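Participant: Here you go, run-v4.txt (compact mmCIF, C-alpha atoms):
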```txt
# COMPACT_ATOMS: atom_id res chain seq x y z
CA MET A 1 0.00 0.00 0.00
CA ARG A 2 1.34 3.41 -0.95
CA THR A 3 -0.25 6.81 -1.42
CA ALA A 4 1.57 9.94 -2.49
CA ILE A 5 1.18 13.54 -3.55
CA VAL A 6 3.66 14.09 -6.39
CA GLU A 7 4.63 16.81 -8.84
CA HIS A 8 5.80 14.66 -11.73
CA VAL A 9 4.01 13.15 -14.73
CA LEU A 10 2.14 9.99 -13.65
CA ASP A 11 3.12 6.63 -15.12
CA PRO A 12 0.19 4.20 -15.34
CA ALA A 13 2.27 1.18 -16.37
CA ALA A 14 4.66 1.64 -13.44
CA LEU A 15 1.80 1.83 -10.93
CA LEU A 16 0.14 -1.23 -12.44
CA ASP A 17 3.44 -3.12 -12.10
CA GLU A 18 3.73 -1.96 -8.52
CA VAL A 19 0.45 -3.61 -7.45
CA ALA A 20 0.82 -6.70 -9.64
CA SER A 21 1.23 -10.09 -8.01
CA THR A 22 0.89 -13.74 -8.96
CA ASP A 23 -1.66 -13.91 -6.11
CA SER A 24 -3.89 -11.53 -8.07
CA GLY A 25 -6.51 -12.48 -10.60
CA ALA A 26 -7.38 -8.90 -11.46
CA SER A 27 -5.81 -5.47 -11.44
CA THR A 28 -7.64 -2.22 -12.05
CA LEU A 29 -6.39 1.23 -12.89
CA PHE A 30 -8.33 4.45 -12.57
CA VAL A 31 -6.88 7.48 -14.33
CA GLY A 32 -8.39 10.93 -13.82
CA THR A 33 -7.53 13.30 -16.67
CA VAL A 34 -7.94 16.98 -17.52
CA ARG A 35 -10.99 17.38 -19.71
CA ARG A 36 -11.40 19.96 -22.45
CA VAL A 37 -14.91 20.97 -21.45
CA ASN A 38 -16.32 21.42 -17.94
CA GLU A 39 -19.87 22.65 -17.41
CA GLY A 40 -19.95 24.07 -20.91
CA ARG A 41 -16.71 26.07 -20.62
CA ASP A 42 -13.58 25.56 -22.71
CA VAL A 43 -10.82 24.48 -20.35
CA THR A 44 -7.16 24.90 -21.35
CA GLY A 45 -5.50 23.58 -18.18
CA ILE A 46 -5.86 23.09 -14.43
CA ASP A 47 -3.69 24.13 -11.47
CA TYR A 48 -3.84 21.54 -8.71
CA SER A 49 -2.81 22.60 -5.21
CA ALA A 50 -3.12 20.86 -1.84
CA TYR A 51 -2.78 21.15 1.88
CA GLY A 52 0.13 18.77 1.57
CA PRO A 53 0.53 17.07 4.96
CA MET A 54 -3.21 16.65 5.46
CA ALA A 55 -3.72 15.41 1.88
CA GLU A 56 -1.03 12.76 2.43
CA SER A 57 -2.55 11.74 5.74
CA GLU A 58 -6.13 11.62 4.40
CA MET A 59 -5.11 9.57 1.34
CA GLY A 60 -3.29 7.15 3.62
CA MET A 61 -6.37 6.75 5.81
CA ILE A 62 -8.62 6.16 2.80
CA ALA A 63 -6.26 3.48 1.46
CA ALA A 64 -6.19 1.83 4.90
CA GLU A 65 -10.01 1.82 4.96
CA ALA A 66 -10.05 0.25 1.47
CA GLU A 67 -7.60 -2.42 2.60
CA LYS A 68 -9.81 -3.33 5.55
CA ARG A 69 -13.01 -3.21 3.50
CA PHE A 70 -11.88 -5.09 0.39
CA GLY A 71 -9.11 -7.29 1.77
CA THR A 72 -6.14 -6.25 -0.30
CA SER A 73 -3.07 -4.19 0.58
CA ARG A 74 -2.12 -4.00 -3.10
CA ILE A 75 -3.24 -0.40 -3.49
CA VAL A 76 -1.22 2.47 -4.93
CA VAL A 77 -2.50 6.03 -5.34
CA GLU A 78 -0.60 8.97 -6.77
CA HIS A 79 -2.15 12.44 -6.98
CA ARG A 80 -0.30 15.00 -9.02
CA LEU A 81 -0.09 18.74 -8.21
CA GLY A 82 0.95 21.68 -10.38
CA THR A 83 -0.28 22.96 -13.73
CA LEU A 84 -1.64 20.21 -15.97
CA THR A 85 -2.57 20.51 -19.62
CA LEU A 86 -5.47 18.82 -21.44
CA GLY A 87 -5.45 15.05 -21.28
CA GLU A 88 -2.80 14.84 -18.55
CA ALA A 89 -3.46 12.54 -15.58
CA SER A 90 -4.10 14.19 -12.21
CA ILE A 91 -4.63 10.95 -10.30
CA ILE A 92 -3.96 7.26 -10.78
CA ILE A 93 -5.38 4.56 -8.54
CA ALA A 94 -4.05 1.02 -8.99
CA VAL A 95 -5.52 -1.97 -7.16
CA SER A 96 -4.94 -5.67 -7.48
CA HIS A 97 -6.85 -8.46 -5.79
CA PRO A 98 -7.25 -12.23 -6.10
CA ARG A 99 -10.84 -11.65 -7.38
CA ARG A 100 -12.23 -9.17 -9.89
CA ALA A 101 -15.28 -7.81 -8.05
CA PRO A 102 -13.37 -6.33 -5.09
CA ALA A 103 -10.63 -5.07 -7.44
CA ILE A 104 -13.29 -2.96 -9.16
CA GLU A 105 -15.20 -2.02 -6.00
CA ALA A 106 -12.04 -0.89 -4.21
CA GLN A 107 -11.17 1.33 -7.19
CA ARG A 108 -14.56 3.00 -7.00
CA PHE A 109 -14.44 3.40 -3.21
CA LEU A 110 -10.99 5.00 -3.42
CA ILE A 111 -11.82 7.60 -6.06
CA GLU A 112 -15.13 8.57 -4.42
CA GLU A 113 -13.59 8.99 -0.96
CA ILE A 114 -10.58 10.87 -2.33
CA LYS A 115 -12.86 13.30 -4.17
CA LYS A 116 -14.86 13.89 -1.00
CA ARG A 117 -12.14 14.11 1.60
CA VAL A 118 -8.64 14.86 0.33
CA PRO A 119 -7.76 18.59 0.58
CA VAL A 120 -6.80 19.22 -3.03
CA TRP A 121 -8.12 22.14 -5.03
CA LYS A 122 -8.21 22.91 -8.67
CA ARG A 123 -8.30 26.20 -10.51
CA GLU A 124 -9.38 25.85 -14.11
CA HIS A 125 -7.92 28.02 -16.86
CA TYR A 126 -10.42 28.85 -19.60
CA ALA A 127 -9.96 29.66 -23.27
CA ASP A 128 -11.16 33.25 -22.60
CA GLY A 129 -8.15 33.82 -20.31
CA THR A 130 -10.06 33.66 -17.01
CA ARG A 131 -9.34 31.26 -14.12
CA GLU A 132 -11.67 29.92 -11.49
CA TRP A 133 -11.56 27.69 -8.44
CA VAL A 134 -13.70 24.59 -8.87
CA GLU A 135 -15.87 24.27 -5.78
CA PRO A 136 -18.23 21.42 -6.51
CA THR A 137 -20.12 21.37 -3.22
CA ALA A 138 -19.81 25.02 -2.32
CA GLY A 139 -22.38 26.97 -0.41
CA VAL A 140 -21.31 30.58 0.04
CA VAL A 141 -20.90 32.21 3.42
CA ALA A 142 -21.27 35.94 3.69
CA GLY A 143 -17.98 36.74 5.44
CA GLY A 144 -18.51 38.37 8.84
CA ALA A 145 -22.14 37.30 9.09
CA ALA A 146 -21.48 34.24 11.25
CA MET C 147 -14.31 0.91 -30.21
CA ARG C 148 -12.17 -2.13 -30.87
CA THR C 149 -12.25 -5.72 -29.62
CA ALA C 150 -9.80 -8.42 -30.58
CA ILE C 151 -8.64 -11.94 -29.88
CA VAL C 152 -4.83 -11.85 -29.99
CA GLU C 153 -1.90 -14.18 -29.38
CA HIS C 154 0.68 -11.65 -28.24
CA VAL C 155 1.60 -10.21 -24.85
CA LEU C 156 -0.91 -7.52 -23.88
CA ASP C 157 0.28 -3.93 -23.42
CA PRO C 158 -1.78 -2.00 -20.85
CA ALA C 159 -0.17 1.39 -21.54
CA ALA C 160 -0.87 1.10 -25.28
CA LEU C 161 -4.54 0.27 -24.72
CA LEU C 162 -4.91 3.12 -22.24
CA ASP C 163 -3.42 5.49 -24.84
CA GLU C 164 -5.79 4.11 -27.45
CA VAL C 165 -8.92 5.13 -25.50
CA ALA C 166 -7.53 8.40 -24.14
CA SER C 167 -9.07 11.67 -25.25
CA THR C 168 -9.15 15.27 -24.09
CA ASP C 169 -12.94 14.82 -23.95
CA SER C 170 -12.45 12.25 -21.18
CA GLY C 171 -12.30 12.96 -17.49
CA ALA C 172 -11.61 9.34 -16.55
CA SER C 173 -10.07 6.23 -18.03
CA THR C 174 -10.21 2.79 -16.48
CA LEU C 175 -8.24 -0.34 -17.15
CA PHE C 176 -9.17 -3.87 -16.12
CA VAL C 177 -6.42 -6.46 -16.35
CA GLY C 178 -7.19 -10.15 -15.78
CA THR C 179 -4.09 -12.12 -14.79
CA VAL C 180 -3.10 -15.73 -14.22
CA ARG C 181 -3.27 -16.43 -10.51
CA ARG C 182 -1.00 -18.81 -8.62
CA VAL C 183 -3.79 -20.47 -6.67
CA ASN C 184 -7.26 -21.40 -7.87
CA GLU C 185 -9.67 -23.23 -5.59
CA GLY C 186 -6.83 -24.37 -3.40
CA ARG C 187 -4.72 -25.83 -6.21
CA ASP C 188 -1.24 -24.67 -7.23
CA VAL C 189 -1.49 -23.33 -10.78
CA THR C 190 1.62 -23.07 -12.96
CA GLY C 191 0.02 -21.76 -16.14
CA ILE C 192 -3.15 -21.62 -18.24
CA ASP C 193 -3.89 -22.53 -21.88
CA TYR C 194 -6.50 -20.22 -23.35
CA SER C 195 -8.37 -21.36 -26.43
CA ALA C 196 -11.41 -19.96 -28.23
CA TYR C 197 -14.02 -20.49 -30.89
CA GLY C 198 -12.34 -17.64 -32.74
CA PRO C 199 -14.96 -16.16 -35.08
CA MET C 200 -17.74 -16.40 -32.51
CA ALA C 201 -15.53 -14.99 -29.75
CA GLU C 202 -14.70 -11.98 -31.94
CA SER C 203 -18.35 -11.49 -32.82
CA GLU C 204 -19.58 -11.85 -29.23
CA MET C 205 -16.95 -9.44 -27.90
CA GLY C 206 -17.95 -6.91 -30.55
CA MET C 207 -21.62 -7.21 -29.56
CA ILE C 208 -20.81 -6.75 -25.88
CA ALA C 209 -18.76 -3.63 -26.62
CA ALA C 210 -21.61 -2.26 -28.75
CA GLU C 211 -24.03 -2.89 -25.86
CA ALA C 212 -21.66 -1.08 -23.49
CA GLU C 213 -21.42 1.86 -25.88
CA LYS C 214 -25.20 2.17 -25.99
CA ARG C 215 -25.62 1.69 -22.26
CA PHE C 216 -22.85 3.95 -20.98
CA GLY C 217 -22.53 6.47 -23.79
CA THR C 218 -18.92 6.07 -24.85
CA SER C 219 -17.34 4.49 -27.90
CA ARG C 220 -13.90 4.76 -26.28
CA ILE C 221 -13.72 1.06 -25.47
CA VAL C 222 -10.90 -1.34 -26.31
CA VAL C 223 -10.80 -5.01 -25.34
CA GLU C 224 -8.04 -7.49 -26.10
CA HIS C 225 -8.28 -11.13 -25.04
CA ARG C 226 -5.14 -13.20 -25.35
CA LEU C 227 -5.02 -16.88 -26.30
CA GLY C 228 -2.23 -19.44 -25.93
CA THR C 229 -0.23 -20.64 -22.94
CA LEU C 230 0.18 -17.99 -20.27
CA THR C 231 2.45 -18.16 -17.24
CA LEU C 232 1.75 -16.83 -13.74
CA GLY C 233 1.01 -13.12 -13.56
CA GLU C 234 0.54 -12.71 -17.32
CA ALA C 235 -2.50 -10.78 -18.55
CA SER C 236 -5.21 -12.76 -20.35
CA ILE C 237 -7.53 -9.81 -20.91
CA ILE C 238 -7.35 -6.04 -20.84
CA ILE C 239 -10.39 -3.78 -20.98
CA ALA C 240 -9.80 -0.06 -21.45
CA VAL C 241 -12.60 2.51 -21.26
CA SER C 242 -12.59 6.26 -21.21
CA HIS C 243 -15.52 8.57 -20.61
CA PRO C 244 -16.17 12.23 -19.82
CA ARG C 245 -17.33 11.18 -16.31
CA ARG C 246 -15.88 8.72 -13.84
CA ALA C 247 -18.96 6.74 -12.78
CA PRO C 248 -19.79 5.36 -16.25
CA ALA C 249 -16.07 4.74 -16.94
CA ILE C 250 -16.08 2.37 -13.95
CA GLU C 251 -19.53 0.90 -14.59
CA ALA C 252 -18.74 0.14 -18.24
CA GLN C 253 -15.57 -1.66 -17.17
CA ARG C 254 -17.56 -3.86 -14.82
CA PHE C 255 -20.30 -4.54 -17.37
CA LEU C 256 -17.74 -5.53 -20.01
CA ILE C 257 -15.81 -8.02 -17.87
CA GLU C 258 -18.97 -9.63 -16.46
CA GLU C 259 -20.58 -10.07 -19.89
CA ILE C 260 -17.35 -11.31 -21.46
CA LYS C 261 -16.98 -13.93 -18.70
CA LYS C 262 -20.54 -15.10 -19.26
CA ARG C 263 -20.79 -15.07 -23.03
CA VAL C 264 -17.52 -15.15 -24.95
CA PRO C 265 -16.54 -18.67 -26.06
CA VAL C 266 -13.09 -18.86 -24.54
CA TRP C 267 -11.91 -21.79 -22.48
CA LYS C 268 -9.05 -22.28 -20.12
CA ARG C 269 -7.16 -25.38 -19.12
CA GLU C 270 -5.15 -24.91 -15.96
CA HIS C 271 -1.78 -26.59 -15.48
CA TYR C 272 -1.12 -27.64 -11.88
CA ALA C 273 2.11 -28.07 -9.94
CA ASP C 274 1.44 -31.85 -9.74
CA GLY C 275 1.65 -32.09 -13.56
CA THR C 276 -2.09 -32.50 -14.20
CA ARG C 277 -4.23 -30.25 -16.42
CA GLU C 278 -7.90 -29.50 -16.19
CA TRP C 279 -10.54 -27.54 -18.07
CA VAL C 280 -12.05 -24.80 -15.91
CA GLU C 281 -15.81 -25.08 -16.23
CA PRO C 282 -17.19 -22.61 -13.74
CA THR C 283 -20.91 -23.11 -14.41
CA ALA C 284 -20.79 -26.73 -15.49
CA GLY C 285 -23.51 -29.23 -14.93
CA VAL C 286 -22.60 -32.63 -16.31
CA VAL C 287 -24.66 -34.42 -18.91
CA ALA C 288 -24.50 -38.17 -19.10
CA GLY C 289 -23.68 -38.50 -22.78
CA GLY C 290 -26.36 -40.40 -24.68
CA ALA C 291 -28.96 -39.94 -21.95
CA ALA C 292 -30.71 -36.96 -23.59
CA MET K 293 -29.27 -34.15 -43.63
CA GLU K 294 -25.67 -34.50 -42.54
CA LEU K 295 -24.38 -31.73 -40.32
CA ASN K 296 -20.89 -30.98 -39.15
CA VAL K 297 -20.76 -29.77 -35.52
CA LEU K 298 -17.75 -28.00 -34.02
CA LEU K 299 -16.57 -29.07 -30.55
CA PHE K 300 -14.34 -27.34 -28.02
CA ALA K 301 -12.52 -27.85 -24.73
CA SER K 302 -13.46 -31.09 -22.93
CA TRP K 303 -15.89 -32.04 -25.72
CA SER K 304 -13.13 -31.69 -28.29
CA ASP K 305 -10.78 -33.76 -26.08
CA ALA K 306 -13.38 -36.52 -25.92
CA LEU K 307 -14.76 -36.57 -29.47
CA GLY K 308 -12.33 -34.54 -31.60
CA PRO K 309 -12.70 -30.99 -32.94
CA ASN K 310 -15.87 -31.83 -34.86
CA VAL K 311 -18.41 -34.60 -35.45
CA THR K 312 -20.81 -35.24 -38.32
CA VAL K 313 -24.35 -36.16 -37.29
CA HIS K 314 -27.54 -37.10 -39.13
CA VAL K 315 -30.58 -34.97 -38.33
CA PRO K 316 -34.04 -34.51 -39.95
CA ALA K 317 -34.16 -32.21 -43.01
CA VAL K 318 -36.26 -29.81 -40.91
CA ALA K 319 -34.14 -29.86 -37.78
CA THR K 320 -33.88 -27.82 -34.59
CA VAL K 321 -30.99 -27.09 -32.26
CA ARG K 322 -32.48 -29.71 -29.92
CA ASP K 323 -32.23 -32.38 -32.63
CA VAL K 324 -28.57 -31.54 -33.23
CA LEU K 325 -27.74 -31.54 -29.53
CA GLU K 326 -29.40 -34.93 -28.99
CA ALA K 327 -27.54 -36.40 -31.95
CA VAL K 328 -24.19 -35.22 -30.59
CA LEU K 329 -25.02 -36.38 -27.05
CA ALA K 330 -25.80 -39.84 -28.44
CA ARG K 331 -22.31 -39.85 -29.92
CA ALA K 332 -20.78 -39.07 -26.51
CA GLY K 333 -21.77 -42.53 -25.24
CA GLY K 334 -21.35 -42.86 -21.48
CA LEU K 335 -18.88 -39.98 -21.13
CA ALA K 336 -19.44 -37.39 -18.41
CA LEU K 337 -19.16 -34.06 -20.19
CA PRO K 338 -20.34 -30.60 -19.13
CA THR K 339 -23.69 -29.44 -20.46
CA PRO K 340 -23.10 -27.29 -23.56
CA LEU K 341 -25.01 -24.49 -25.21
CA VAL K 342 -25.36 -24.49 -29.00
CA ALA K 343 -24.31 -21.72 -31.38
CA VAL K 344 -25.62 -21.38 -34.92
CA ASN K 345 -23.64 -19.09 -37.22
CA HIS K 346 -21.69 -17.63 -34.25
CA ARG K 347 -24.79 -16.78 -32.17
CA TYR K 348 -26.20 -18.63 -29.19
CA ALA K 349 -29.36 -20.45 -30.30
CA LYS K 350 -32.42 -21.72 -28.40
CA PRO K 351 -33.37 -25.43 -28.44
CA GLU K 352 -36.34 -24.69 -30.74
CA SER K 353 -34.32 -22.64 -33.25
CA PRO K 354 -34.12 -24.12 -36.77
CA VAL K 355 -30.88 -25.51 -38.16
CA ARG K 356 -30.43 -25.52 -41.94
CA ALA K 357 -27.93 -27.16 -44.26
CA GLY K 358 -24.85 -24.96 -44.49
CA ASP K 359 -25.29 -23.43 -41.01
CA GLU K 360 -22.15 -23.37 -38.87
CA VAL K 361 -23.16 -25.23 -35.74
CA ALA K 362 -21.02 -25.48 -32.60
CA LEU K 363 -21.37 -26.94 -29.10
CA ILE K 364 -20.28 -24.38 -26.51
CA PRO K 365 -19.22 -25.95 -23.20
CA PRO K 366 -19.24 -23.66 -20.12
CA VAL K 367 -17.03 -20.69 -21.01
CA ALA K 368 -14.20 -19.46 -18.81
CA GLY K 369 -12.69 -16.48 -20.56
CA GLY K 370 -11.42 -13.20 -19.18
CA MET I 371 -4.91 33.07 22.79
CA GLU I 372 -3.50 33.94 19.37
CA LEU I 373 -3.91 31.26 16.75
CA ASN I 374 -2.50 31.00 13.27
CA VAL I 375 -4.99 29.54 10.73
CA LEU I 376 -3.94 28.19 7.33
CA LEU I 377 -6.04 29.17 4.30
CA PHE I 378 -6.29 27.64 0.83
CA ALA I 379 -7.76 28.18 -2.65
CA SER I 380 -10.26 31.07 -2.82
CA TRP I 381 -9.78 31.81 0.90
CA SER I 382 -6.05 32.13 0.40
CA ASP I 383 -6.60 34.36 -2.63
CA ALA I 384 -8.81 36.66 -0.54
CA LEU I 385 -6.97 36.74 2.80
CA GLY I 386 -3.48 35.32 2.15
CA PRO I 387 -2.12 31.86 3.01
CA ASN I 388 -2.77 32.32 6.75
CA VAL I 389 -4.36 34.68 9.28
CA THR I 390 -3.79 35.14 13.00
CA VAL I 391 -6.95 35.36 15.10
CA HIS I 392 -7.71 35.90 18.81
CA VAL I 393 -9.88 33.24 20.45
CA PRO I 394 -10.73 32.38 24.10
CA ALA I 395 -8.11 30.34 25.97
CA VAL I 396 -10.61 27.46 26.04
CA ALA I 397 -11.66 27.61 22.40
CA THR I 398 -13.57 25.40 19.99
CA VAL I 399 -13.44 24.97 16.22
CA ARG I 400 -16.58 27.12 16.06
CA ASP I 401 -14.79 30.00 17.83
CA VAL I 402 -11.91 29.82 15.37
CA LEU I 403 -14.20 29.68 12.35
CA GLU I 404 -16.21 32.70 13.55
CA ALA I 405 -13.03 34.68 14.13
CA VAL I 406 -11.78 33.96 10.61
CA LEU I 407 -15.19 34.69 9.06
CA ALA I 408 -15.19 38.07 10.81
CA ARG I 409 -11.88 38.77 9.12
CA ALA I 410 -13.40 37.98 5.70
CA GLY I 411 -15.52 41.15 5.89
CA GLY I 412 -18.19 41.24 3.21
CA LEU I 413 -16.45 38.79 0.88
CA ALA I 414 -18.47 35.93 -0.65
CA LEU I 415 -16.39 32.85 0.02
CA PRO I 416 -17.38 29.17 -0.04
CA THR I 417 -18.27 27.59 3.30
CA PRO I 418 -15.19 25.81 4.65
CA LEU I 419 -14.65 22.88 6.96
CA VAL I 420 -11.97 23.09 9.64
CA ALA I 421 -9.05 20.73 10.15
CA VAL I 422 -7.11 20.46 13.41
CA ASN I 423 -3.74 18.71 13.20
CA HIS I 424 -4.55 17.35 9.70
CA ARG I 425 -7.94 15.86 10.66
CA TYR I 426 -11.40 17.22 9.97
CA ALA I 427 -12.82 18.57 13.23
CA LYS I 428 -16.38 19.19 14.44
CA PRO I 429 -17.56 22.68 15.48
CA GLU I 430 -17.55 21.64 19.15
CA SER I 431 -14.02 20.13 19.08
CA PRO I 432 -11.48 21.90 21.29
CA VAL I 433 -8.59 23.90 19.83
CA ARG I 434 -5.45 24.28 21.91
CA ALA I 435 -2.39 26.49 21.62
CA GLY I 436 0.08 24.84 19.24
CA ASP I 437 -2.58 22.99 17.21
CA GLU I 438 -2.24 23.27 13.43
CA VAL I 439 -5.58 24.71 12.35
CA ALA I 440 -6.67 25.05 8.71
CA LEU I 441 -9.79 26.16 6.86
CA ILE I 442 -10.69 23.63 4.16
CA PRO I 443 -12.81 25.08 1.34
CA PRO I 444 -14.79 22.61 -0.78
CA VAL I 445 -12.25 20.10 -2.11
CA ALA I 446 -11.95 19.21 -5.78
CA GLY I 447 -9.18 16.65 -6.07
CA GLY I 448 -8.94 13.55 -8.18
```
In structure tokens, how does this file's structure come out?

Facilitator:
Amino acid sequence: MRTAIVEHVLDPAALLDEVASTDSGASTLFVGTVRRVNEGRDVTGIDYSAYGPMAESEMGMIAAEAEKRFGTSRIVVEHRLGTLTLGEASIIIAVSHPRRAPAIEAQRFLIEEIKKRVPVWKREHYADGTREWVEPTAGVVAGGAA
Amino acid sequence: MRTAIVEHVLDPAALLDEVASTDSGASTLFVGTVRRVNEGRDVTGIDYSAYGPMAESEMGMIAAEAEKRFGTSRIVVEHRLGTLTLGEASIIIAVSHPRRAPAIEAQRFLIEEIKKRVPVWKREHYADGTREWVEPTAGVVAGGAA
Amino acid sequence: MELNVLLFASWSDALGPNVTVHVPAVATVRDVLEAVLARAGGLALPTPLVAVNHRYAKPESPVRAGDEVALIPPVAGG
Amino acid sequence: MELNVLLFASWSDALGPNVTVHVPAVATVRDVLEAVLARAGGLALPTPLVAVNHRYAKPESPVRAGDEVALIPPVAGG
């Protein structure tokens, strides 16, 4: 089991090799990539930033939960930070397991929990030159009103 | 969309590249591998054989069903035949999609349908020198009794 | 009519890669299956499905001269 | 006590990467959050969660001198 916040280009084949085992009947890879269109706007790139120590700790906890829940320690997650261009991978999740169903279910659990809990933020760059923080679940507080 | 029965070593990174697109937010890879232990027996390798033309046709139909159901044509499946050693990949399924949920669900649909419907057979080689056809859903007919 | 039926896996081990059977001129998948089962004698072999022209076929489906017919033992791909 | 609070994303853009706030000696996460919100003036910023020592913390959780406290705006990783 290994989780990491990194600033280099992600290598899917290397992560797949890292989880592989002759005890496994199935390996799965999830690759999150920068998409050209988001909510109707033309995206040209994304800055990823994080609260580093907490992001590392939260990813580690999520992987430990997945291990307990799905019964495999063959889990590797790398999340990339920095400025990514279209099509580049921001996250790769690799899992291998003796059986296929938990290999797929663990993959899904990991990406959903990471999206909910890991303190990483993205600022999209748009074709019109503007940039905006992506705040998928945001309510807005009027500052000072609390 | 592409599905194929092949006799060469499968290349996960190449198949991932093949489905990738800047319209995609997620790509998934499923890799089925030869496992060292099956039902308590020590496996040393597996012969995969197929009813070739029907296997090709059935895989193509399953991929077409997945395209319709999940809304992406970015699907590639390669199933390998021949004698595979421990840890080698027998099948790779690559899917990419604008959104992550259908990228994962399509992967699952494809592997489950392929396992049920595609006429491929495997004969396991065991450490004790014996070989046996794997017939997961087999009832046995007394020949001539029908 | 005479019909050539393709066999695979344990069925092919037992009877060879194909067998020729005699079935009525207006035959169904069930007729073909029974004819091949008769050929298997007392062998214990796994229950197969039948494919006609590369598609799974129901017992009541018709089989015509020139169709490609195959017995499909339990599959184990992936 | 004086407490340094880390800020990120749109909060960091608006107020800088951290702010120092005054809270009671026996303070809770809620006290800290209210003190930072007061600092945000009339700005429209997304509702944050609060982390204490790298873990999400409830409004009623205690905050002690020396704790690492951070405001976590809605996350968007993956």

Participant: Excluding segment 95-100 of chain A and any residue of its chain fewer than 3 positions from it, enumerate the residues within 6 Å of it, using only C-alpha atoms, and give them as a PyMOL selection string.

Facilitator: chain A and resi 19+23-28+72+74-75+103

Participant: Do a neighbour search on segment 112-129 of chain A at 6 Å with all atoms listed in the file, toss out local chain neighbours closer than 6 positions, and write the hits as a VMD selection string.

Facilitator: (chain A and resid 42 to 51 55 58) or (chain I and resid 445 to 448)

Participant: What would the file look like if the residues just selected were written as a tab-separated table (two decimals), in the coordinates of the input with C-alpha atoms?

Facilitator:
```tsv
chain	number	residue	atom	x	y	z
A	42	ASP	CA	-13.58	25.56	-22.71
A	43	VAL	CA	-10.82	24.48	-20.35
A	44	THR	CA	-7.16	24.90	-21.35
A	45	GLY	CA	-5.50	23.58	-18.18
A	46	ILE	CA	-5.86	23.09	-14.43
A	47	ASP	CA	-3.69	24.13	-11.47
A	48	TYR	CA	-3.84	21.54	-8.71
A	49	SER	CA	-2.81	22.60	-5.21
A	50	ALA	CA	-3.12	20.86	-1.84
A	51	TYR	CA	-2.78	21.15	1.88
A	55	ALA	CA	-3.72	15.41	1.88
A	58	GLU	CA	-6.13	11.62	4.40
I	445	VAL	CA	-12.25	20.10	-2.11
I	446	ALA	CA	-11.95	19.21	-5.78
I	447	GLY	CA	-9.18	16.65	-6.07
I	448	GLY	CA	-8.94	13.55	-8.18
```

Participant: I'd like the interatomic distance between atom CA of Glu224 of chain C and atom CA of Phe70 of chain A, to a tenth of an Å.

Facilitator: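 Calculated distance between atom CA of Glu224 of chain C and atom CA of Phe70 of chain A is 26.9 Å.
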
Participant: So what do you get for atom CA of Val321 of chain K versus atom CA of Pro351 of chain K, distance-wise?

Facilitator: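 Rounded to one decimal, the two atoms are 4.8 Å apart.
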
Participant: Using all atoms listed in the file, pick whichever of A:Gly87, A:Met1, A:Lys68, A:Ser73 has the shortest atom-to-atom distance to Thr168 of chain C.

Facilitator: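 Nearest candidate to Thr168 of chain C out of A:Gly87, A:Met1, A:Lys68, A:Ser73: A:Gly87.
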
Participant: To one decimal in Å, tell me the separation between atom CA of Asn423 of chain I and atom CA of Gly436 of chain I.

Facilitator: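 It comes out at 9.4 Å.
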
Participant: Using only C-alpha atoms, determine which residues lie at most 9 Å from segment 152-156 of chain C, disregarding the query and same-chain residues fewer than 3 positions distant; provide the list as JSON, numbers by chain.

Facilitator: {"C": [160, 161, 224, 225, 226, 227, 228, 234, 235, 236, 237, 238]}

Participant: Could you check which residues have any atom within 12 Å of (-23.5, -25.5, -32.7), counting all atoms listed in the file with coordinates taken straight from the file, and then list them as a VMD selection string?

Facilitator: (chain C and resid 197 200 265) or (chain K and resid 295 to 300 310 to 313 320 to 328 340 to 351 353 to 356 358 to 365)

Participant: Pick out the closest residue to chain I from this set: A:Pro53, A:Gly60, A:Gly71, A:Gly40. Count only C-alpha atoms.

Facilitator: A:Pro53

Participant: Nearest residue to chain C out of K:Ala301, K:Ala317, K:Leu307, K:Ala357, using all atoms listed in the file?

Facilitator: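 Nearest to chain C: K:Ala301.
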
Participant: Could you work out an axis-aligned bounding box for all listed atoms of segment 9-14 of chain A, with 3 Å added on each of the six sides, and give its centre and edge lengths in Å to one decimal, as lines of an AutoDock Vina configuration file?

Facilitator:
```
center_x = 2.4
center_y = 7.2
center_z = -14.9
size_x = 10.5
size_y = 18.0
size_z = 8.9
```
